[in-house]
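K.L.:
I have a structure I would like to understand better, so I am pasting it below and will then ask my questions one at a time.
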Amino acid sequence: MNQKNQIIICMGSSCFSRGNRVNLELIKAWLSERKIEAEVGFKGQLCTGLCNKGPVLIINEHVYQEVHPANVINILKTAFSGAQV
Ligand code: FES
């Protein structure tokens, strides 16, 4: 499979204020440290409709809920452990 990996971060006001504002910076730094920004599409989207389970992060179509700055890096490591990035 040669599809580009993709991270989508929910930028709706609930997710943004509850953690994704910080998660956004942590994810950008994580991609940058590994020099894989070019291989991973990273974009925001408006409310995902799961505000009560947020902050929401979607990696390669898998929806992660309650993603907080304390666990976002572990989620990235797990999600990309088998990926060709
Ligand atoms: S703001 Fe993220 S699910 Fe609603």
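FYI, nothing fancy with the structure tokens labels: chains A, B, ... in order, residues from 1 per chain, ligands from 1 as they appear.
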Can you tell me which residues surround A:Phe16 at a distance of at most 12 Å, considering only C-alpha atoms, apart from same-chain residues fewer than 2 positions away, and format the answer as a list in words?
P.N.:
Ile9, Cys10, Met11, Gly12, Ser13, Ser14, Arg18, Gly19, Asn20, Arg21, Val22, Asn23, Leu24, Glu25, Gly44, Gln45, Leu46, Cys47, Thr48, Cys51, Gly54, Pro55, Val56, Leu57, Glu66, Val67, His68 and Pro69 of chain A
K.L.:
Go ahead and dump the residues you just picked, N, CA and C atoms, as a tab-separated table (two decimals), in the first residue's frame.
P.N.:
```
chain	number	residue	atom	x	y	z
A	9	ILE	N	-6.79	16.66	12.36
A	9	ILE	CA	-7.05	17.12	13.72
A	9	ILE	C	-8.32	17.95	13.73
A	10	CYS	N	-9.18	17.68	14.70
A	10	CYS	CA	-10.43	18.43	14.79
A	10	CYS	C	-10.15	19.82	15.35
A	11	MET	N	-10.53	20.81	14.58
A	11	MET	CA	-10.28	22.20	14.97
A	11	MET	C	-11.58	22.89	15.39
A	12	GLY	N	-12.61	22.09	15.64
A	12	GLY	CA	-13.85	22.67	16.17
A	12	GLY	C	-13.57	23.29	17.52
A	13	SER	N	-14.41	24.21	17.95
A	13	SER	CA	-14.08	25.00	19.15
A	13	SER	C	-13.97	24.13	20.39
A	14	SER	N	-14.78	23.08	20.50
A	14	SER	CA	-14.71	22.23	21.69
A	14	SER	C	-13.37	21.50	21.75
A	18	ARG	N	-10.13	22.27	24.32
A	18	ARG	CA	-9.91	21.24	25.33
A	18	ARG	C	-8.61	20.45	25.13
A	19	GLY	N	-7.84	20.79	24.12
A	19	GLY	CA	-6.57	20.09	23.99
A	19	GLY	C	-5.94	20.14	22.62
A	20	ASN	N	-6.74	20.26	21.58
A	20	ASN	CA	-6.14	20.19	20.24
A	20	ASN	C	-5.32	21.43	19.88
A	21	ARG	N	-5.53	22.52	20.59
A	21	ARG	CA	-4.67	23.68	20.36
A	21	ARG	C	-3.22	23.30	20.68
A	22	VAL	N	-3.03	22.59	21.79
A	22	VAL	CA	-1.69	22.15	22.18
A	22	VAL	C	-1.29	20.93	21.35
A	23	ASN	N	-2.23	20.01	21.14
A	23	ASN	CA	-1.90	18.81	20.35
A	23	ASN	C	-1.39	19.17	18.96
A	24	LEU	N	-1.96	20.20	18.37
A	24	LEU	CA	-1.54	20.66	17.05
A	24	LEU	C	-0.05	20.97	17.04
A	25	GLU	N	0.41	21.70	18.04
A	25	GLU	CA	1.83	22.06	18.11
A	25	GLU	C	2.69	20.82	18.38
A	44	GLY	N	-6.41	20.20	9.33
A	44	GLY	CA	-7.47	20.36	10.30
A	44	GLY	C	-8.82	20.24	9.63
A	45	GLN	N	-9.82	19.96	10.43
A	45	GLN	CA	-11.18	20.01	9.89
A	45	GLN	C	-12.10	20.57	10.96
A	46	LEU	N	-13.27	20.99	10.53
A	46	LEU	CA	-14.22	21.53	11.48
A	46	LEU	C	-14.83	20.41	12.30
A	47	CYS	N	-15.71	20.77	13.22
A	47	CYS	CA	-16.25	19.82	14.19
A	47	CYS	C	-16.57	18.47	13.56
A	48	THR	N	-16.09	17.42	14.23
A	48	THR	CA	-16.22	16.06	13.75
A	48	THR	C	-17.52	15.42	14.24
A	51	CYS	N	-17.99	15.89	19.90
A	51	CYS	CA	-17.45	16.83	20.90
A	51	CYS	C	-17.36	16.22	22.29
A	54	GLY	N	-14.22	14.30	22.64
A	54	GLY	CA	-13.01	14.96	22.18
A	54	GLY	C	-11.98	15.18	23.25
A	55	PRO	N	-10.87	15.72	22.91
A	55	PRO	CA	-10.43	16.12	21.58
A	55	PRO	C	-10.25	14.93	20.63
A	56	VAL	N	-10.60	15.16	19.37
A	56	VAL	CA	-10.62	14.10	18.37
A	56	VAL	C	-9.44	14.26	17.40
A	57	LEU	N	-8.83	13.10	17.10
A	57	LEU	CA	-7.75	13.05	16.13
A	57	LEU	C	-8.03	11.86	15.22
A	66	GLU	N	-10.66	11.54	22.97
A	66	GLU	CA	-10.03	11.97	24.23
A	66	GLU	C	-8.51	12.01	24.10
A	67	VAL	N	-8.06	12.65	23.05
A	67	VAL	CA	-6.62	12.80	22.80
A	67	VAL	C	-6.14	14.07	23.50
A	68	HIS	N	-5.36	13.87	24.54
A	68	HIS	CA	-4.87	15.00	25.32
A	68	HIS	C	-3.36	15.13	25.14
A	69	PRO	N	-2.82	16.31	25.45
A	69	PRO	CA	-1.38	16.49	25.28
A	69	PRO	C	-0.55	15.41	25.98
```
K.L.:
Please identify the alpha helix (DSSP H) residues within stretch 8-82 of chain A (assignment by DSSP from backbone atoms) and present them as a PyMOL selection string.
P.N.:
chain A and resi 13-15+21-33+72-80
K.L.:
Check the smallest atom-to-atom distance from each of A:Ile58, A:Leu26, A:Cys15, A:Ile8 to A:Ala70 using only C-alpha atoms, then report the winner.
P.N.:
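Looking at the shortest contact to A:Ala70, the residue is A:Leu26.
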K.L.:
Atom CA of A:Ser32 to atom CA of A:His62: how many Å, to one decimal?
P.N.:
22.0 Å
K.L.:
Run DSSP on the backbone and give me the residues of chain A it puts in strand (DSSP E or B), as a PDB file with C-alpha atoms, in the first residue's frame.
P.N.:
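And here's part_26.pdb as it stands now:
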```pdb
ATOM      1  CA  ASN A   5      -0.440   8.674   5.669  1.00  0.00           C
ATOM      2  CA  GLN A   6      -2.836  11.263   6.898  1.00  0.00           C
ATOM      3  CA  ILE A   7      -3.509  12.973  10.204  1.00  0.00           C
ATOM      4  CA  ILE A   8      -6.654  15.050  10.592  1.00  0.00           C
ATOM      5  CA  ILE A   9      -7.047  17.118  13.720  1.00  0.00           C
ATOM      6  CA  CYS A  10     -10.432  18.431  14.790  1.00  0.00           C
ATOM      7  CA  VAL A  40       2.353  12.606   6.250  1.00  0.00           C
ATOM      8  CA  GLY A  41      -0.560  14.761   5.241  1.00  0.00           C
ATOM      9  CA  PHE A  42      -1.636  16.889   8.175  1.00  0.00           C
ATOM     10  CA  LYS A  43      -4.714  19.042   8.126  1.00  0.00           C
ATOM     11  CA  GLY A  44      -7.471  20.359  10.301  1.00  0.00           C
ATOM     12  CA  GLN A  45     -11.176  20.012   9.887  1.00  0.00           C
ATOM     13  CA  LEU A  57      -7.746  13.052  16.128  1.00  0.00           C
ATOM     14  CA  ILE A  58      -8.060  10.920  12.988  1.00  0.00           C
ATOM     15  CA  ILE A  59      -5.047   8.995  11.736  1.00  0.00           C
ATOM     16  CA  HIS A  62      -8.991   5.647  12.563  1.00  0.00           C
ATOM     17  CA  VAL A  63     -10.749   7.986  14.980  1.00  0.00           C
ATOM     18  CA  TYR A  64      -8.973   8.571  18.286  1.00  0.00           C
TER      19      TYR A  64
END
```
K.L.:
Give the answer as one residue: which of A:Lys28, A:Lys53, A:Lys77, A:Lys4 has the shortest atom-to-atom distance to ligand 1, using only C-alpha atoms and all ligand atoms?
P.N.:
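Answer, going by the shortest atom-to-atom distance: A:Lys53.
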